[in-house]
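Novice: Supplied structure: protein15.cif, mmCIF, C-alpha atoms.
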```cif
data_work
#
loop_
_atom_site.label_atom_id
_atom_site.label_comp_id
_atom_site.auth_asym_id
_atom_site.auth_seq_id
_atom_site.Cartn_x
_atom_site.Cartn_y
_atom_site.Cartn_z
CA MET A 1 -18.32 190.48 11.64
CA GLU A 2 -14.82 189.93 13.03
CA PRO A 3 -12.49 187.95 10.75
CA SER A 4 -11.60 184.52 12.06
CA LEU A 5 -8.72 182.07 11.76
CA PRO A 6 -8.60 178.29 11.60
CA ARG A 7 -8.81 176.72 15.05
CA ASN A 8 -5.92 175.07 16.89
CA GLY A 9 -3.11 176.90 15.12
CA LYS A 10 0.28 177.93 16.45
CA VAL A 11 1.60 181.48 16.47
CA LEU A 12 5.07 182.75 17.33
CA PHE A 13 5.78 186.33 18.35
CA SER A 14 9.45 187.34 18.34
CA ALA A 15 11.31 190.49 19.34
CA THR A 16 14.80 191.34 20.47
CA ILE A 17 13.80 191.73 24.13
CA VAL A 18 10.97 190.39 26.28
CA ARG A 19 10.00 193.89 27.39
CA HIS A 20 8.93 194.76 23.84
CA ILE A 21 6.44 191.88 23.83
CA VAL A 22 5.11 192.67 27.30
CA GLN A 23 4.69 196.38 26.58
CA PHE A 24 3.06 196.17 23.17
CA HIS A 25 1.73 192.74 22.19
CA ILE A 26 -0.22 191.22 25.07
CA PRO A 27 -3.62 192.10 23.50
CA TYR A 28 -2.59 190.21 20.37
CA LEU A 29 -1.48 187.13 22.32
CA LYS A 30 -4.77 187.28 24.21
CA TRP A 31 -6.75 187.35 20.96
CA PHE A 32 -4.95 184.28 19.62
CA LYS A 33 -5.65 182.41 22.86
CA GLN A 34 -9.32 183.29 22.50
CA GLN A 35 -9.23 181.72 19.02
CA GLY A 36 -7.91 178.48 20.52
CA TRP A 37 -4.36 178.95 19.26
CA GLU A 38 -1.13 177.85 20.95
CA THR A 39 0.98 180.93 21.62
CA TRP A 40 4.77 181.14 21.63
CA VAL A 41 7.19 183.99 22.34
CA ALA A 42 10.86 184.09 21.32
CA ALA A 43 12.91 186.94 22.80
CA ASN A 44 15.90 187.74 24.95
CA ASP A 45 15.08 187.58 28.64
CA ASP A 46 16.81 190.87 29.39
CA GLY A 47 16.16 190.69 33.12
CA SER A 48 12.98 192.74 32.89
CA GLY A 49 10.94 190.18 34.78
CA ASP A 50 9.91 186.56 35.13
CA THR A 51 9.36 185.43 31.57
CA THR A 52 7.24 182.49 32.70
CA VAL A 53 4.40 184.91 33.47
CA ILE A 54 4.06 186.61 30.08
CA PRO A 55 0.27 186.82 29.89
CA TYR A 56 -1.38 184.52 27.34
CA CYS A 57 1.94 182.92 26.39
CA ASP A 58 2.03 179.11 26.39
CA HIS A 59 5.72 178.69 25.54
CA PHE A 60 8.64 181.08 25.98
CA VAL A 61 11.94 180.55 24.14
CA ASN A 62 14.91 182.53 25.42
CA VAL A 63 16.95 183.62 22.39
CA ASP A 64 20.36 185.31 22.63
CA PHE A 65 19.31 188.36 20.63
CA SER A 66 21.44 191.49 20.75
CA ARG A 67 20.29 194.92 19.61
CA SER A 68 23.53 195.28 17.66
CA PRO A 69 23.73 193.41 14.34
CA TYR A 70 27.50 193.21 14.83
CA SER A 71 27.36 191.24 18.09
CA MET A 72 28.64 187.65 18.18
CA GLN A 73 25.31 186.83 19.86
CA THR A 74 23.71 187.25 16.45
CA ILE A 75 25.08 183.93 15.22
CA ALA A 76 23.90 182.11 18.34
CA ALA A 77 20.45 183.70 18.08
CA TYR A 78 20.10 182.65 14.44
CA ARG A 79 21.00 179.05 15.27
CA GLN A 80 18.53 178.97 18.17
CA LEU A 81 15.74 180.23 15.92
CA ARG A 82 16.65 177.85 13.11
CA ASP A 83 16.50 174.92 15.56
CA LEU A 84 13.14 176.16 16.85
CA PHE A 85 11.66 176.18 13.35
CA GLU A 86 13.05 172.72 12.65
CA ARG A 87 11.39 171.37 15.82
CA THR A 88 8.09 173.24 15.65
CA ARG A 89 5.84 174.21 12.78
CA PHE A 90 4.02 177.52 13.21
CA ASP A 91 1.06 178.73 11.19
CA ILE A 92 1.90 182.40 11.78
CA VAL A 93 5.16 184.06 12.78
CA HIS A 94 4.83 187.73 13.71
CA THR A 95 8.21 189.30 14.29
CA HIS A 96 9.21 192.73 15.58
CA THR A 97 12.28 194.97 16.12
CA PRO A 98 15.05 195.32 13.50
CA VAL A 99 17.56 192.66 14.57
CA GLY A 100 14.92 190.27 15.86
CA GLY A 101 12.96 190.73 12.66
CA VAL A 102 15.91 190.00 10.38
CA LEU A 103 17.07 186.89 12.24
CA THR A 104 13.58 185.47 12.64
CA ARG A 105 12.77 185.88 8.95
CA LEU A 106 16.08 184.34 7.91
CA ALA A 107 15.56 181.37 10.21
CA ALA A 108 11.96 180.92 9.01
CA ARG A 109 12.66 180.97 5.28
CA ASN A 110 12.41 177.17 4.96
CA ALA A 111 9.32 177.13 7.17
CA ARG A 112 7.55 179.32 4.63
CA LYS A 113 7.85 176.45 2.17
CA THR A 114 5.51 174.48 4.44
CA ARG A 115 2.99 177.33 4.51
CA THR A 116 4.14 179.18 7.62
CA ARG A 117 3.05 182.79 7.15
CA VAL A 118 5.63 185.40 8.21
CA ILE A 119 4.63 188.93 9.19
CA TYR A 120 7.07 191.67 10.12
CA THR A 121 6.04 194.91 11.81
CA ALA A 122 8.52 197.73 11.25
CA HIS A 123 8.31 199.94 14.32
CA GLY A 124 10.19 202.66 12.46
CA PHE A 125 12.80 201.97 9.78
CA HIS A 126 16.33 203.05 10.69
CA PHE A 127 16.43 204.80 7.31
CA TYR A 128 14.16 207.83 7.01
CA LYS A 129 14.19 211.38 5.72
CA GLY A 130 17.13 213.11 7.37
CA SER A 131 18.73 209.96 8.79
CA PRO A 132 22.50 209.44 8.50
CA LEU A 133 23.77 208.02 5.22
CA ALA A 134 25.18 205.03 7.14
CA ASN A 135 21.64 204.04 8.12
CA TRP A 136 20.58 203.96 4.47
CA LEU A 137 23.69 202.05 3.40
CA LEU A 138 23.16 199.34 6.04
CA TRP A 139 19.45 199.00 6.74
CA TYR A 140 17.78 199.90 3.44
CA PRO A 141 19.34 197.00 1.45
CA VAL A 142 18.80 194.68 4.42
CA GLU A 143 15.09 195.45 4.67
CA ARG A 144 14.67 195.30 0.90
CA PHE A 145 16.34 191.88 0.78
CA MET A 146 14.47 190.57 3.83
CA SER A 147 11.12 191.49 2.29
CA ARG A 148 11.66 188.47 0.01
CA PHE A 149 11.26 186.27 3.09
CA THR A 150 8.19 188.13 4.34
CA ASP A 151 4.52 187.60 3.54
CA VAL A 152 3.25 190.88 4.97
CA LEU A 153 5.26 193.94 6.00
CA ILE A 154 3.31 196.15 8.43
CA THR A 155 4.32 199.79 8.80
CA ILE A 156 3.03 202.07 11.54
CA ASN A 157 3.55 205.53 10.08
CA GLU A 158 2.83 207.11 6.70
CA GLU A 159 6.44 207.79 5.69
CA ASP A 160 7.50 204.18 6.24
CA PHE A 161 4.41 202.92 4.40
CA GLU A 162 5.18 205.01 1.31
CA CYS A 163 8.84 203.96 1.41
CA ALA A 164 8.03 200.26 1.85
CA GLU A 165 5.60 200.29 -1.07
CA ARG A 166 8.50 201.34 -3.29
CA PHE A 167 11.02 198.71 -2.23
CA ALA A 168 9.23 195.72 -0.73
CA HIS A 169 8.88 192.37 -2.52
CA CYS A 170 5.86 191.48 -0.40
CA ARG A 171 2.49 192.84 0.60
CA VAL A 172 2.70 196.10 2.55
CA GLU A 173 0.06 197.22 5.03
CA TYR A 174 -0.38 200.30 7.20
CA VAL A 175 -1.64 199.91 10.76
CA PRO A 176 -1.63 203.02 13.00
CA GLY A 177 0.67 201.77 15.74
CA VAL A 178 0.36 198.86 18.13
CA GLY A 179 -2.63 200.35 19.93
CA VAL A 180 -3.16 202.20 23.18
CA ASP A 181 -5.72 201.42 25.87
CA LEU A 182 -7.26 204.88 25.78
CA SER A 183 -9.69 204.14 28.60
CA LYS A 184 -6.83 203.36 30.98
CA PHE A 185 -5.32 206.81 30.53
CA ALA A 186 -8.49 208.84 30.09
CA ALA A 187 -9.89 207.43 33.35
CA THR A 188 -6.91 208.52 35.47
CA LYS A 189 -7.43 211.59 37.65
CA ARG A 190 -4.78 214.02 38.83
CA CYS A 191 -3.22 212.63 42.00
CA ASP A 192 -1.44 214.81 44.56
CA ALA A 193 -0.17 211.72 46.38
CA LYS A 194 1.62 210.56 43.22
CA ARG A 195 3.13 214.03 42.77
CA GLU A 196 4.53 213.85 46.28
CA GLU A 197 5.82 210.32 45.66
CA ILE A 198 7.88 211.45 42.65
CA GLY A 199 9.33 214.43 44.51
CA LEU A 200 7.05 217.29 43.52
CA VAL A 201 5.84 219.99 45.87
CA PRO A 202 2.85 222.34 45.50
CA GLY A 203 3.55 224.94 42.83
CA ASP A 204 5.99 222.81 40.84
CA PHE A 205 5.51 222.53 37.08
CA ALA A 206 6.47 218.96 36.16
CA MET A 207 7.90 218.00 32.79
CA LEU A 208 7.77 214.28 32.06
CA SER A 209 10.00 212.22 29.78
CA VAL A 210 9.26 208.56 29.01
CA GLY A 211 11.69 206.31 27.15
CA ASP A 212 14.91 204.33 27.28
CA LEU A 213 17.90 206.32 28.47
CA ILE A 214 19.73 206.26 25.16
CA PRO A 215 21.03 209.05 22.90
CA ARG A 216 18.18 208.61 20.42
CA LYS A 217 15.64 209.70 23.03
CA ASN A 218 17.62 212.93 23.60
CA GLN A 219 16.69 213.42 27.27
CA ALA A 220 19.91 215.41 27.67
CA ALA A 221 18.28 218.29 25.78
CA ILE A 222 15.53 218.49 28.42
CA VAL A 223 18.09 218.51 31.24
CA ARG A 224 19.97 221.31 29.45
CA ALA A 225 16.71 223.26 29.20
CA LEU A 226 16.21 223.32 32.97
CA PRO A 227 18.64 226.22 33.68
CA LEU A 228 16.66 228.28 31.16
CA LEU A 229 13.43 227.72 33.10
CA PRO A 230 12.24 228.88 36.54
CA SER A 231 13.45 226.88 39.54
CA GLY A 232 9.94 225.51 40.09
CA VAL A 233 10.10 223.55 36.84
CA LYS A 234 11.07 219.93 37.54
CA LEU A 235 11.82 216.95 35.30
CA ALA A 236 10.74 213.35 35.92
CA ILE A 237 12.23 210.71 33.59
CA CYS A 238 10.72 207.22 33.36
CA GLY A 239 13.02 204.68 31.76
CA GLU A 240 16.29 202.85 32.11
CA GLY A 241 19.33 202.42 29.92
CA PRO A 242 23.06 203.00 29.49
CA GLY A 243 22.65 206.79 29.57
CA ARG A 244 21.56 206.96 33.21
CA GLU A 245 24.90 208.00 34.71
CA ARG A 246 25.54 210.45 31.89
CA LEU A 247 22.25 212.22 32.60
CA LEU A 248 22.97 212.34 36.32
CA SER A 249 26.43 213.78 35.64
CA LEU A 250 25.00 216.37 33.26
CA ALA A 251 22.40 217.46 35.81
CA SER A 252 25.14 217.82 38.42
CA ASP A 253 27.35 219.87 36.09
CA LEU A 254 24.44 222.20 35.33
CA GLY A 255 23.49 222.55 39.00
CA VAL A 256 19.99 221.10 38.51
CA SER A 257 20.35 217.72 40.23
CA ASP A 258 17.64 218.66 42.72
CA ARG A 259 15.24 219.25 39.83
CA VAL A 260 15.74 215.94 38.02
CA SER A 261 14.22 212.61 39.12
CA LEU A 262 15.16 209.39 37.32
CA LEU A 263 12.31 207.02 38.15
CA GLY A 264 13.42 203.92 36.23
CA PHE A 265 10.98 201.57 34.52
CA ARG A 266 7.46 202.11 35.80
CA ASP A 267 4.22 200.17 35.57
CA ASP A 268 2.20 203.17 36.78
CA ILE A 269 2.77 205.48 33.80
CA ALA A 270 -0.90 206.45 33.68
CA ASP A 271 -0.74 207.73 37.27
CA ILE A 272 2.56 209.51 36.68
CA MET A 273 1.19 211.22 33.59
CA ALA A 274 -1.79 212.36 35.66
CA ALA A 275 0.65 213.82 38.20
CA CYS A 276 2.70 215.82 35.66
CA ASP A 277 2.02 218.97 33.64
CA CYS A 278 3.43 218.19 30.20
CA LEU A 279 5.27 215.52 28.26
CA VAL A 280 8.50 216.62 26.56
CA PHE A 281 9.55 214.26 23.78
CA PRO A 282 12.65 215.51 21.93
CA SER A 283 13.54 212.17 20.32
CA VAL A 284 15.79 212.07 17.26
CA HIS A 285 13.74 209.45 15.43
CA GLU A 286 10.74 207.22 16.15
CA GLY A 287 8.28 204.88 14.51
CA LEU A 288 5.07 205.93 16.25
CA PRO A 289 5.81 206.62 19.93
CA VAL A 290 3.35 205.01 22.33
CA SER A 291 4.25 207.36 25.19
CA VAL A 292 3.13 210.35 23.11
CA MET A 293 -0.19 208.66 22.39
CA GLU A 294 -0.60 207.82 26.07
CA ALA A 295 -0.01 211.46 26.99
CA MET A 296 -2.54 212.56 24.38
CA ALA A 297 -5.09 210.19 25.88
CA SER A 298 -4.34 211.26 29.45
CA GLY A 299 -4.86 214.97 28.86
CA LEU A 300 -1.17 215.83 29.14
CA PRO A 301 0.04 218.56 26.74
CA VAL A 302 2.89 217.40 24.52
CA VAL A 303 6.03 219.18 23.36
CA ALA A 304 7.72 217.02 20.72
CA SER A 305 10.27 216.88 17.92
CA SER A 306 9.25 217.43 14.31
CA ILE A 307 10.11 213.91 13.22
CA ARG A 308 8.55 210.98 11.37
CA GLY A 309 5.93 209.27 13.49
CA ILE A 310 5.00 212.48 15.33
CA ASP A 311 4.59 215.27 12.79
CA PRO A 312 2.07 214.91 11.21
CA ASP A 313 1.21 211.29 12.14
CA LEU A 314 0.25 212.16 15.72
CA LEU A 315 0.41 215.90 16.35
CA SER A 316 -0.38 219.13 14.54
CA ASP A 317 1.52 222.17 15.79
CA GLN A 318 -0.55 224.55 17.91
CA GLU A 319 -3.60 222.30 17.48
CA SER A 320 -2.82 219.08 19.32
CA GLY A 321 0.73 219.72 20.53
CA LEU A 322 3.73 222.00 20.28
CA ILE A 323 6.16 220.86 17.59
CA LEU A 324 9.85 221.72 17.87
CA PRO A 325 11.49 222.40 14.48
CA GLU A 326 14.75 221.62 16.28
CA ALA A 327 14.77 219.84 19.64
CA THR A 328 17.29 222.18 21.27
CA PRO A 329 17.32 223.19 24.95
CA LYS A 330 16.34 226.74 24.00
CA ALA A 331 13.39 225.54 21.90
CA ILE A 332 12.24 223.20 24.66
CA ALA A 333 12.44 225.97 27.28
CA SER A 334 10.50 228.34 25.02
CA ALA A 335 7.71 225.82 24.39
CA VAL A 336 7.40 224.87 28.06
CA THR A 337 7.30 228.54 29.05
CA LYS A 338 4.48 229.05 26.56
CA LEU A 339 2.51 226.22 28.17
CA MET A 340 3.11 227.55 31.66
CA CYS A 341 1.93 231.05 30.77
CA ASP A 342 -1.11 230.18 28.67
CA PRO A 343 -3.76 227.94 30.30
CA GLY A 344 -6.01 228.49 27.29
CA LEU A 345 -3.39 227.06 24.97
CA ARG A 346 -2.94 224.05 27.24
CA ALA A 347 -6.68 223.37 27.19
CA CYS A 348 -6.82 223.73 23.40
CA LEU A 349 -3.93 221.32 22.86
CA VAL A 350 -5.39 218.76 25.25
CA GLU A 351 -8.75 218.81 23.49
CA GLY A 352 -7.16 218.55 20.05
CA ALA A 353 -4.88 215.71 21.13
CA PHE A 354 -7.68 213.72 22.72
CA THR A 355 -9.74 213.95 19.55
CA SER A 356 -6.78 212.97 17.35
CA VAL A 357 -5.59 210.00 19.42
CA ARG A 358 -8.86 208.09 19.16
CA ARG A 359 -7.86 206.45 15.89
CA PHE A 360 -4.87 204.85 17.65
CA GLY A 361 -6.94 203.00 20.25
CA ILE A 362 -6.17 199.32 20.79
CA GLU A 363 -9.60 198.27 19.49
CA ARG A 364 -8.91 199.81 16.08
CA THR A 365 -5.32 198.61 15.69
CA LEU A 366 -6.19 195.13 16.91
CA ALA A 367 -9.07 194.92 14.43
CA ALA A 368 -6.80 196.06 11.58
CA THR A 369 -4.14 193.49 12.50
CA ILE A 370 -6.68 190.67 12.89
CA LYS A 371 -7.87 191.45 9.37
CA ILE A 372 -4.28 190.96 8.16
CA TYR A 373 -3.96 187.66 10.06
CA ALA A 374 -7.17 186.37 8.52
CA GLY A 375 -6.27 187.68 5.07
CA ILE A 376 -3.08 185.68 4.77
CA PHE A 377 -5.14 182.50 4.83
CA ASP A 378 -7.37 183.78 2.04
CA ALA A 379 -4.65 184.42 -0.54
CA ASP A 380 -1.69 182.62 -1.98
CA LEU A 381 1.10 184.97 -0.88
CA HIS A 382 3.98 182.72 -1.77
#
```
Here is the file; what I need is its structure written in the form of structure tokens.
Specialist:
Amino acid sequence: MEPSLPRNGKVLFSATIVRHIVQFHIPYLKWFKQQGWETWVAANDDGSGDTTVIPYCDHFVNVDFSRSPYSMQTIAAYRQLRDLFERTRFDIVHTHTPVGGVLTRLAARNARKTRTRVIYTAHGFHFYKGSPLANWLLWYPVERFMSRFTDVLITINEEDFECAERFAHCRVEYVPGVGVDLSKFAATKRCDAKREEIGLVPGDFAMLSVGDLIPRKNQAAIVRALPLLPSGVKLAICGEGPGRERLLSLASDLGVSDRVSLLGFRDDIADIMAACDCLVFPSVHEGLPVSVMEAMASGLPVVASSIRGIDPDLLSDQESGLILPEATPKAIASAVTKLMCDPGLRACLVEGAFTSVRRFGIERTLAATIKIYAGIFDADLH
């Protein structure tokens, strides 16, 4: 029997940018609407679309969040959130993203005195094994302190869960990601028309990269790998960000501009994955990357960094993906060459990945999160 909540409640979802809510949390907003709840979203309208059409959202509040904790916008965002909590009482606040999570919990600390329950999902702590010392010096004490203003801290990978259990002053839960609609990706068939649309010709081997164009995603390493691979190997990158011009300049300097396509933000990722031959994911750090899970569900072999949230949370080397001990251009080229030359390996990795990714389906993660929502009304967490 599915856990239930009291009827006619109010829930607020917050994140630094609207796109985060739209990409990851629509199923959760939908569930609350089905329970008869009033749904609110607080985020920065970053120009990603018309915020008035966020599905299953009754009220949108545009907050001047910045991704940088040092931005002057931070003060304005805090005041906007504080005013929101003074005007409106919420039964549940579920906040996401580091800066958005800190400011929302600070602003809601008085609301907790009137029984507002505050949940924070950490989509990958900035401090982790191998992270820079500066990350530990800034973010570890912040998250430890902020746990005092949190009822439930949700982590989405095993390393973060174990770390949070040691420092948090609140209940800690593990939920395997935000959930992926596996049927959407598994149902997509290879499409030659989509290959042509993204600039591929018969015989091309297409590497795909999905993610914001920022240093953390490390797309530059894939571009640098292209000269080490045959001319028929192409790279399609889905995403936008401040690194766009840098990637274009790098491709030009390396003489591979004709082999790199920057496709921007896409709402047809399932079709693009079906049109490509492998996903290359050399990110520096992640929480639990959705694009890797989508590739696993779509039957796309994955080459990925050996980092928290991937190894071993998602992939096992040589069984469900190819893990790069170091995400260097040479290592990427070697792994991609191995995939190109060994159809049997590709088939083995696809089968292993599809079996592994089932536990990250949206039905399971939604059920686990609903259990947490219901549980906070069954216990005195304050």
Novice: So what does the PyMOL selection byres ((chain A and resi 298-302) around 9) actually pick up in this one, as a tab-separated table (two decimals) with C-alpha atoms, in the coordinates of the input?
Specialist:
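The resulting expr_9.tsv:
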```tsv
chain	number	residue	atom	x	y	z
A	182	LEU	CA	-7.26	204.88	25.78
A	183	SER	CA	-9.69	204.14	28.60
A	184	LYS	CA	-6.83	203.36	30.98
A	185	PHE	CA	-5.32	206.81	30.53
A	186	ALA	CA	-8.49	208.84	30.09
A	187	ALA	CA	-9.89	207.43	33.35
A	188	THR	CA	-6.91	208.52	35.47
A	189	LYS	CA	-7.43	211.59	37.65
A	270	ALA	CA	-0.90	206.45	33.68
A	273	MET	CA	1.19	211.22	33.59
A	274	ALA	CA	-1.79	212.36	35.66
A	276	CYS	CA	2.70	215.82	35.66
A	277	ASP	CA	2.02	218.97	33.64
A	278	CYS	CA	3.43	218.19	30.20
A	279	LEU	CA	5.27	215.52	28.26
A	280	VAL	CA	8.50	216.62	26.56
A	281	PHE	CA	9.55	214.26	23.78
A	292	VAL	CA	3.13	210.35	23.11
A	293	MET	CA	-0.19	208.66	22.39
A	294	GLU	CA	-0.60	207.82	26.07
A	295	ALA	CA	-0.01	211.46	26.99
A	296	MET	CA	-2.54	212.56	24.38
A	297	ALA	CA	-5.09	210.19	25.88
A	303	VAL	CA	6.03	219.18	23.36
A	304	ALA	CA	7.72	217.02	20.72
A	315	LEU	CA	0.41	215.90	16.35
A	320	SER	CA	-2.82	219.08	19.32
A	321	GLY	CA	0.73	219.72	20.53
A	322	LEU	CA	3.73	222.00	20.28
A	323	ILE	CA	6.16	220.86	17.59
A	339	LEU	CA	2.51	226.22	28.17
A	346	ARG	CA	-2.94	224.05	27.24
A	347	ALA	CA	-6.68	223.37	27.19
A	349	LEU	CA	-3.93	221.32	22.86
A	350	VAL	CA	-5.39	218.76	25.25
A	351	GLU	CA	-8.75	218.81	23.49
A	353	ALA	CA	-4.88	215.71	21.13
A	354	PHE	CA	-7.68	213.72	22.72
```
Novice: One decimal, Å: what's the distance from atom CA of A:Gly255 over to atom CA of A:Gly232, could you say?
Specialist: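 Interatomic distance here is 13.9 Å.
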Novice: Name the residues that the PyMOL selection byres ((chain A and resi 20) around 12) picks from the file above, as a ChimeraX atom specification, using the file's chain letters and numbers.
Specialist: /A:13-19,21-26,41-46,48,54,95-97,100,123,178,212,290
Novice: List every protein, DNA or RNA residue that has an atom no more than 12 Å from (8.2, 214.5, 43.7) in the file's coordinate frame, counting all atoms listed in the file, and report them as a ChimeraX atom specification.
Specialist: /A:191-208,232-237,258-263,272,275-276
Novice: Let me see the file: selected residues, C-alpha atoms, as a JSON list (two decimals), keeping the file's coordinate frame.
Specialist:
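Dumped everything to again_7.json:
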```
[["chain", "number", "residue", "atom", "x", "y", "z"],
["A", 191, "CYS", "CA", -3.22, 212.63, 42.00],
["A", 192, "ASP", "CA", -1.44, 214.81, 44.56],
["A", 193, "ALA", "CA", -0.17, 211.72, 46.38],
["A", 194, "LYS", "CA", 1.62, 210.56, 43.22],
["A", 195, "ARG", "CA", 3.13, 214.03, 42.77],
["A", 196, "GLU", "CA", 4.53, 213.85, 46.28],
["A", 197, "GLU", "CA", 5.82, 210.32, 45.66],
["A", 198, "ILE", "CA", 7.88, 211.45, 42.65],
["A", 199, "GLY", "CA", 9.33, 214.43, 44.51],
["A", 200, "LEU", "CA", 7.05, 217.29, 43.52],
["A", 201, "VAL", "CA", 5.84, 219.99, 45.87],
["A", 202, "PRO", "CA", 2.85, 222.34, 45.50],
["A", 203, "GLY", "CA", 3.55, 224.94, 42.83],
["A", 204, "ASP", "CA", 5.99, 222.81, 40.84],
["A", 205, "PHE", "CA", 5.51, 222.53, 37.08],
["A", 206, "ALA", "CA", 6.47, 218.96, 36.16],
["A", 207, "MET", "CA", 7.90, 218.00, 32.79],
["A", 208, "LEU", "CA", 7.77, 214.28, 32.06],
["A", 232, "GLY", "CA", 9.94, 225.51, 40.09],
["A", 233, "VAL", "CA", 10.10, 223.55, 36.84],
["A", 234, "LYS", "CA", 11.07, 219.93, 37.54],
["A", 235, "LEU", "CA", 11.82, 216.95, 35.30],
["A", 236, "ALA", "CA", 10.74, 213.35, 35.92],
["A", 237, "ILE", "CA", 12.23, 210.71, 33.59],
["A", 258, "ASP", "CA", 17.64, 218.66, 42.72],
["A", 259, "ARG", "CA", 15.24, 219.25, 39.83],
["A", 260, "VAL", "CA", 15.74, 215.94, 38.02],
["A", 261, "SER", "CA", 14.22, 212.61, 39.12],
["A", 262, "LEU", "CA", 15.16, 209.39, 37.32],
["A", 263, "LEU", "CA", 12.31, 207.02, 38.15],
["A", 272, "ILE", "CA", 2.56, 209.51, 36.68],
["A", 275, "ALA", "CA", 0.65, 213.82, 38.20],
["A", 276, "CYS", "CA", 2.70, 215.82, 35.66]]
```
Novice: Select, from A:Val256, A:Ile376, A:Ala168, A:Leu366, the residue with the minimum atom-to-atom distance to A:Leu29, counting only C-alpha atoms.
Specialist: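 Of all the options, A:Leu366 lies closest to A:Leu29.
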Novice: Quote the spacing between atom CA of A:Asp181 and atom CA of A:Arg358 in Å to one decimal place.
Specialist: 10.0 Å
Novice: The PyMOL selection byres ((chain A and resi 155) around 10) on the file shown: which residues, as a PyMOL selection string?
Specialist: chain A and resi 120-125+152-154+156-165+172-177+287-288
Novice: Could you tell me how far atom CA of A:Gly309 sits from atom CA of A:Pro227, in Å to one decimal place?
Specialist: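 Taking atom CA of A:Pro227 as the start and atom CA of A:Gly309 as the end point, the length is 29.3 Å.
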Novice: So which one's closest to A:Tyr70, A:Glu240, A:Val99, A:Glu143, A:Ala108? Using only C-alpha atoms, please.
Specialist: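 Closest to A:Tyr70 of all the choices is A:Val99.
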Novice: Return the single residue from A:Leu138, A:Val336, A:Leu213, A:Met146 that is closest to A:Pro69, with distances computed using all atoms listed in the file.
Specialist: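 The answer is A:Leu138, which sits nearest to A:Pro69.
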Novice: Counting only C-alpha atoms, which residues sit no farther than 7 Å from the position (12.3, 209.9, 17.4) in the file's frame? I'd like them as a JSON list (two decimals) with C-alpha atoms, in the frame of the given file.
Specialist:
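point29.json was written with the following content:
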```
[["chain", "number", "residue", "atom", "x", "y", "z"],
["A", 216, "ARG", "CA", 18.18, 208.61, 20.42],
["A", 217, "LYS", "CA", 15.64, 209.70, 23.03],
["A", 283, "SER", "CA", 13.54, 212.17, 20.32],
["A", 284, "VAL", "CA", 15.79, 212.07, 17.26],
["A", 285, "HIS", "CA", 13.74, 209.45, 15.43],
["A", 286, "GLU", "CA", 10.74, 207.22, 16.15],
["A", 307, "ILE", "CA", 10.11, 213.91, 13.22]]
```
